[in-house]
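For reference, model15.cif is printed below; it contains mmCIF, N, CA and C atoms.
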```cif
data_upload
loop_
_atom_site.group_PDB
_atom_site.id
_atom_site.type_symbol
_atom_site.label_atom_id
_atom_site.label_comp_id
_atom_site.auth_asym_id
_atom_site.auth_seq_id
_atom_site.Cartn_x
_atom_site.Cartn_y
_atom_site.Cartn_z
ATOM 1 N N MET A 127 0.843 -1.198 0.000
ATOM 2 C CA MET A 127 0.000 0.000 0.000
ATOM 3 C C MET A 127 0.877 1.246 0.000
ATOM 4 N N ASP A 128 0.396 2.254 -0.639
ATOM 5 C CA ASP A 128 1.144 3.501 -0.655
ATOM 6 C C ASP A 128 0.707 4.408 0.500
ATOM 7 N N LYS A 129 1.344 5.550 0.565
ATOM 8 C CA LYS A 129 1.068 6.486 1.674
ATOM 9 C C LYS A 129 -0.390 6.916 1.717
ATOM 10 N N LYS A 130 -0.990 7.122 0.551
ATOM 11 C CA LYS A 130 -2.371 7.597 0.509
ATOM 12 C C LYS A 130 -3.325 6.560 1.131
ATOM 13 N N LYS A 131 -3.104 5.275 0.818
ATOM 14 C CA LYS A 131 -3.967 4.243 1.383
ATOM 15 C C LYS A 131 -3.746 4.115 2.883
ATOM 16 N N TYR A 132 -2.483 4.196 3.333
ATOM 17 C CA TYR A 132 -2.215 4.159 4.769
ATOM 18 C C TYR A 132 -2.881 5.331 5.477
ATOM 19 N N SER A 133 -2.867 6.475 4.826
ATOM 20 C CA SER A 133 -3.498 7.660 5.399
ATOM 21 C C SER A 133 -5.002 7.452 5.567
ATOM 22 N N HIS A 134 -5.647 6.878 4.549
ATOM 23 C CA HIS A 134 -7.085 6.626 4.634
ATOM 24 C C HIS A 134 -7.405 5.584 5.702
ATOM 25 N N VAL A 135 -6.592 4.540 5.786
ATOM 26 C CA VAL A 135 -6.819 3.505 6.790
ATOM 27 C C VAL A 135 -6.662 4.089 8.186
ATOM 28 N N ALA A 136 -5.609 4.888 8.383
ATOM 29 C CA ALA A 136 -5.382 5.509 9.693
ATOM 30 C C ALA A 136 -6.523 6.461 10.044
ATOM 31 N N PHE A 137 -6.987 7.238 9.064
ATOM 32 C CA PHE A 137 -8.085 8.178 9.300
ATOM 33 C C PHE A 137 -9.333 7.446 9.758
ATOM 34 N N TRP A 138 -9.742 6.395 9.029
ATOM 35 C CA TRP A 138 -10.965 5.675 9.382
ATOM 36 C C TRP A 138 -10.820 4.909 10.681
ATOM 37 N N PHE A 139 -9.604 4.448 10.996
ATOM 38 C CA PHE A 139 -9.357 3.795 12.272
ATOM 39 C C PHE A 139 -9.570 4.779 13.424
ATOM 40 N N LEU A 140 -9.016 5.983 13.284
ATOM 41 C CA LEU A 140 -9.192 7.002 14.322
ATOM 42 C C LEU A 140 -10.649 7.429 14.448
ATOM 43 N N VAL A 141 -11.346 7.534 13.335
ATOM 44 C CA VAL A 141 -12.768 7.882 13.371
ATOM 45 C C VAL A 141 -13.555 6.801 14.116
ATOM 46 N N ALA A 142 -13.280 5.544 13.810
ATOM 47 C CA ALA A 142 -13.995 4.452 14.468
ATOM 48 C C ALA A 142 -13.740 4.446 15.970
ATOM 49 N N ILE A 143 -12.491 4.636 16.367
ATOM 50 C CA ILE A 143 -12.167 4.667 17.798
ATOM 51 C C ILE A 143 -12.902 5.806 18.490
ATOM 52 N N ASN A 144 -12.928 6.981 17.858
ATOM 53 C CA ASN A 144 -13.601 8.130 18.471
ATOM 54 C C ASN A 144 -15.116 7.950 18.519
ATOM 55 N N ILE A 145 -15.700 7.319 17.518
ATOM 56 C CA ILE A 145 -17.146 7.077 17.536
ATOM 57 C C ILE A 145 -17.499 6.090 18.640
ATOM 58 N N ILE A 146 -16.708 5.023 18.765
ATOM 59 C CA ILE A 146 -16.956 4.050 19.840
ATOM 60 C C ILE A 146 -16.821 4.726 21.198
ATOM 61 N N SER A 147 -15.784 5.535 21.356
ATOM 62 C CA SER A 147 -15.568 6.240 22.617
ATOM 63 C C SER A 147 -16.688 7.242 22.892
ATOM 64 N N LEU A 148 -17.168 7.904 21.852
ATOM 65 C CA LEU A 148 -18.257 8.870 22.008
ATOM 66 C C LEU A 148 -19.531 8.171 22.470
ATOM 67 N N PHE A 149 -19.881 7.046 21.844
ATOM 68 C CA PHE A 149 -21.078 6.314 22.260
ATOM 69 C C PHE A 149 -20.935 5.784 23.674
ATOM 70 N N GLU A 150 -19.741 5.322 24.015
ATOM 71 C CA GLU A 150 -19.504 4.843 25.380
ATOM 72 C C GLU A 150 -19.659 5.989 26.370
ATOM 73 N N SER A 151 -19.177 7.166 26.003
ATOM 74 C CA SER A 151 -19.284 8.338 26.862
ATOM 75 C C SER A 151 -20.745 8.758 27.037
ATOM 76 N N ILE A 152 -21.512 8.713 25.951
ATOM 77 C CA ILE A 152 -22.929 9.093 26.010
ATOM 78 C C ILE A 152 -23.705 8.104 26.866
ATOM 79 N N ILE A 153 -23.411 6.824 26.697
ATOM 80 C CA ILE A 153 -24.139 5.789 27.451
ATOM 81 C C ILE A 153 -23.799 5.844 28.938
ATOM 82 N N SER A 154 -22.519 6.086 29.260
ATOM 83 C CA SER A 154 -22.113 6.045 30.663
ATOM 84 C C SER A 154 -22.519 7.290 31.449
ATOM 85 N N THR A 155 -22.715 8.419 30.764
ATOM 86 C CA THR A 155 -23.155 9.628 31.466
ATOM 87 C C THR A 155 -24.612 9.898 31.116
ATOM 88 N N GLU A 156 -25.326 10.394 32.047
ATOM 89 C CA GLU A 156 -26.738 10.684 31.801
ATOM 90 C C GLU A 156 -26.889 12.080 31.232
ATOM 91 N N GLY A 157 -27.342 12.143 30.010
ATOM 92 C CA GLY A 157 -27.624 13.435 29.415
ATOM 93 C C GLY A 157 -26.459 14.141 28.804
ATOM 94 N N GLY A 158 -25.303 14.182 29.095
ATOM 95 C CA GLY A 158 -24.197 15.008 28.672
ATOM 96 C C GLY A 158 -24.361 15.709 27.339
ATOM 97 N N ALA A 159 -23.800 16.854 27.205
ATOM 98 C CA ALA A 159 -23.893 17.616 25.965
ATOM 99 C C ALA A 159 -22.944 17.024 24.931
ATOM 100 N N LEU A 160 -23.469 16.709 23.779
ATOM 101 C CA LEU A 160 -22.696 16.065 22.728
ATOM 102 C C LEU A 160 -21.597 16.973 22.179
ATOM 103 N N LEU A 161 -21.905 18.239 21.978
ATOM 104 C CA LEU A 161 -20.961 19.138 21.322
ATOM 105 C C LEU A 161 -19.722 19.445 22.154
ATOM 106 N N ILE A 162 -19.788 19.267 23.464
ATOM 107 C CA ILE A 162 -18.605 19.544 24.281
ATOM 108 C C ILE A 162 -17.824 18.279 24.617
ATOM 109 N N ALA A 163 -18.296 17.136 24.161
ATOM 110 C CA ALA A 163 -17.571 15.885 24.402
ATOM 111 C C ALA A 163 -16.259 15.908 23.619
ATOM 112 N N PRO A 164 -15.136 15.538 24.250
ATOM 113 C CA PRO A 164 -13.851 15.577 23.551
ATOM 114 C C PRO A 164 -13.818 14.664 22.330
ATOM 115 N N GLU A 165 -14.548 13.552 22.366
ATOM 116 C CA GLU A 165 -14.564 12.651 21.215
ATOM 117 C C GLU A 165 -15.223 13.314 20.005
ATOM 118 N N PHE A 166 -16.289 14.081 20.246
ATOM 119 C CA PHE A 166 -16.952 14.789 19.152
ATOM 120 C C PHE A 166 -16.020 15.839 18.563
ATOM 121 N N GLN A 167 -15.297 16.538 19.421
ATOM 122 C CA GLN A 167 -14.335 17.535 18.948
ATOM 123 C C GLN A 167 -13.208 16.870 18.165
ATOM 124 N N ASN A 168 -12.790 15.667 18.596
ATOM 125 C CA ASN A 168 -11.776 14.925 17.855
ATOM 126 C C ASN A 168 -12.274 14.554 16.460
ATOM 127 N N LEU A 169 -13.543 14.153 16.372
ATOM 128 C CA LEU A 169 -14.104 13.803 15.072
ATOM 129 C C LEU A 169 -14.148 15.017 14.146
ATOM 130 N N LEU A 170 -14.503 16.172 14.689
ATOM 131 C CA LEU A 170 -14.498 17.386 13.875
ATOM 132 C C LEU A 170 -13.091 17.722 13.397
ATOM 133 N N LEU A 171 -12.127 17.590 14.287
ATOM 134 C CA LEU A 171 -10.736 17.861 13.919
ATOM 135 C C LEU A 171 -10.250 16.877 12.858
ATOM 136 N N LEU A 172 -10.592 15.611 12.992
ATOM 137 C CA LEU A 172 -10.208 14.622 11.982
ATOM 138 C C LEU A 172 -10.827 14.941 10.624
ATOM 139 N N ALA A 173 -12.080 15.371 10.620
ATOM 140 C CA ALA A 173 -12.741 15.727 9.364
ATOM 141 C C ALA A 173 -12.055 16.925 8.711
ATOM 142 N N ILE A 174 -11.679 17.912 9.512
ATOM 143 C CA ILE A 174 -10.977 19.087 8.980
ATOM 144 C C ILE A 174 -9.624 18.690 8.416
ATOM 145 N N LEU A 175 -8.883 17.863 9.151
ATOM 146 C CA LEU A 175 -7.570 17.420 8.671
ATOM 147 C C LEU A 175 -7.690 16.603 7.389
ATOM 148 N N GLN A 176 -8.696 15.739 7.302
ATOM 149 C CA GLN A 176 -8.896 14.945 6.088
ATOM 150 C C GLN A 176 -9.200 15.853 4.907
ATOM 151 N N LYS A 177 -10.025 16.862 5.116
ATOM 152 C CA LYS A 177 -10.361 17.795 4.035
ATOM 153 C C LYS A 177 -9.124 18.573 3.593
ATOM 154 N N LEU A 178 -8.321 19.018 4.544
ATOM 155 C CA LEU A 178 -7.110 19.762 4.200
ATOM 156 C C LEU A 178 -6.118 18.897 3.431
ATOM 157 N N THR A 179 -5.957 17.647 3.825
ATOM 158 C CA THR A 179 -5.019 16.782 3.107
ATOM 159 C C THR A 179 -5.537 16.429 1.727
ATOM 160 N N SER A 180 -6.851 16.273 1.574
ATOM 161 C CA SER A 180 -7.391 15.966 0.247
ATOM 162 C C SER A 180 -7.254 17.166 -0.676
ATOM 163 N N VAL A 181 -7.417 18.365 -0.149
ATOM 164 C CA VAL A 181 -7.240 19.575 -0.963
ATOM 165 C C VAL A 181 -5.773 19.712 -1.353
ATOM 166 N N ARG A 182 -4.886 19.443 -0.404
ATOM 167 C CA ARG A 182 -3.451 19.558 -0.677
ATOM 168 C C ARG A 182 -3.010 18.535 -1.717
ATOM 169 N N THR A 183 -3.440 17.295 -1.604
ATOM 170 C CA THR A 183 -3.025 16.268 -2.557
ATOM 171 C C THR A 183 -3.636 16.493 -3.926
ATOM 172 N N SER A 184 -4.859 16.990 -3.972
ATOM 173 C CA SER A 184 -5.470 17.236 -5.290
ATOM 174 C C SER A 184 -4.781 18.398 -5.989
ATOM 175 N N SER A 185 -4.356 19.415 -5.249
ATOM 176 C CA SER A 185 -3.655 20.528 -5.880
ATOM 177 C C SER A 185 -2.256 20.107 -6.333
ATOM 178 N N VAL A 186 -1.627 19.200 -5.601
ATOM 179 C CA VAL A 186 -0.316 18.692 -6.008
ATOM 180 C C VAL A 186 -0.461 17.835 -7.261
ATOM 181 N N ASP A 187 -1.519 17.023 -7.327
ATOM 182 C CA ASP A 187 -1.766 16.208 -8.505
ATOM 183 C C ASP A 187 -2.035 17.066 -9.735
ATOM 184 N N ASP A 188 -2.680 18.211 -9.559
ATOM 185 C CA ASP A 188 -2.955 19.111 -10.678
ATOM 186 C C ASP A 188 -1.657 19.688 -11.231
ATOM 187 N N ILE A 189 -0.698 19.939 -10.366
ATOM 188 C CA ILE A 189 0.576 20.520 -10.794
ATOM 189 C C ILE A 189 1.368 19.491 -11.594
ATOM 190 N N ILE A 190 1.315 18.250 -11.141
ATOM 191 C CA ILE A 190 2.103 17.196 -11.809
ATOM 192 C C ILE A 190 1.387 16.763 -13.018
#
```
Please render this file's structure as structure tokens.
Amino acid sequence: MDKKKYSHVAFWFLVAINIISLFESIISTEGGALLIAPEFQNLLLLAILQKLTSVRTSSVDDII
């Protein structure tokens, strides 16, 4: 596998871990606010990083 595939695998692995942790956090606490949960913030950060890397790689591919 090349770097791009490893990057996608790592991204989805981190997303899965954070989703499992988020559901565990929601189930174990009564009511908690979803938007302030650190796992939810991690998922938002991962989505932003994935978008930035896809924009960067697509612009590099356009140059080549």
Quiz item: Between CA of Asn144 (chain A) and atom C of Glu165 (chain A), what is the distance, to one decimal in Å?
Solution: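 Interatomic distance, CA of Asn144 (chain A) to atom C of Glu165 (chain A): 5.6 Å.
Residues having any atom no farther than 6 Å from (-9.3, 12.8, 5.5) (counting all atoms listed in the file) are Leu172, Ala173, Leu175, Gln176, Lys177 and Ser180 of chain A.
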Self-check item: Long-range neighbours of Ile145 (chain A) as a ChimeraX atom specification, 8 Å cut-off, only C-alpha atoms, 4 positions minimum in chain
Solution: /A:141,149,165-166,169
Self-check item: Among listed residues A:Ile174, A:Asn168, A:Asp128, A:Ala163, nearest Leu140 (chain A) (using all atoms listed in the file)
Solution: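 For Leu140 (chain A), the nearest of the candidates is A:Asn168.
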Self-check item: Length of the CA of Val181 (chain A) to CA of Tyr132 (chain A) vector [Å]
Solution: 17.2 Å
Quiz item: Which of these residues is nearest to Leu148 (chain A), using only C-alpha atoms: A:Leu178, A:Pro164, A:Val135, A:Lys129?
Solution: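 For Leu148 (chain A), the nearest of the candidates is A:Pro164.
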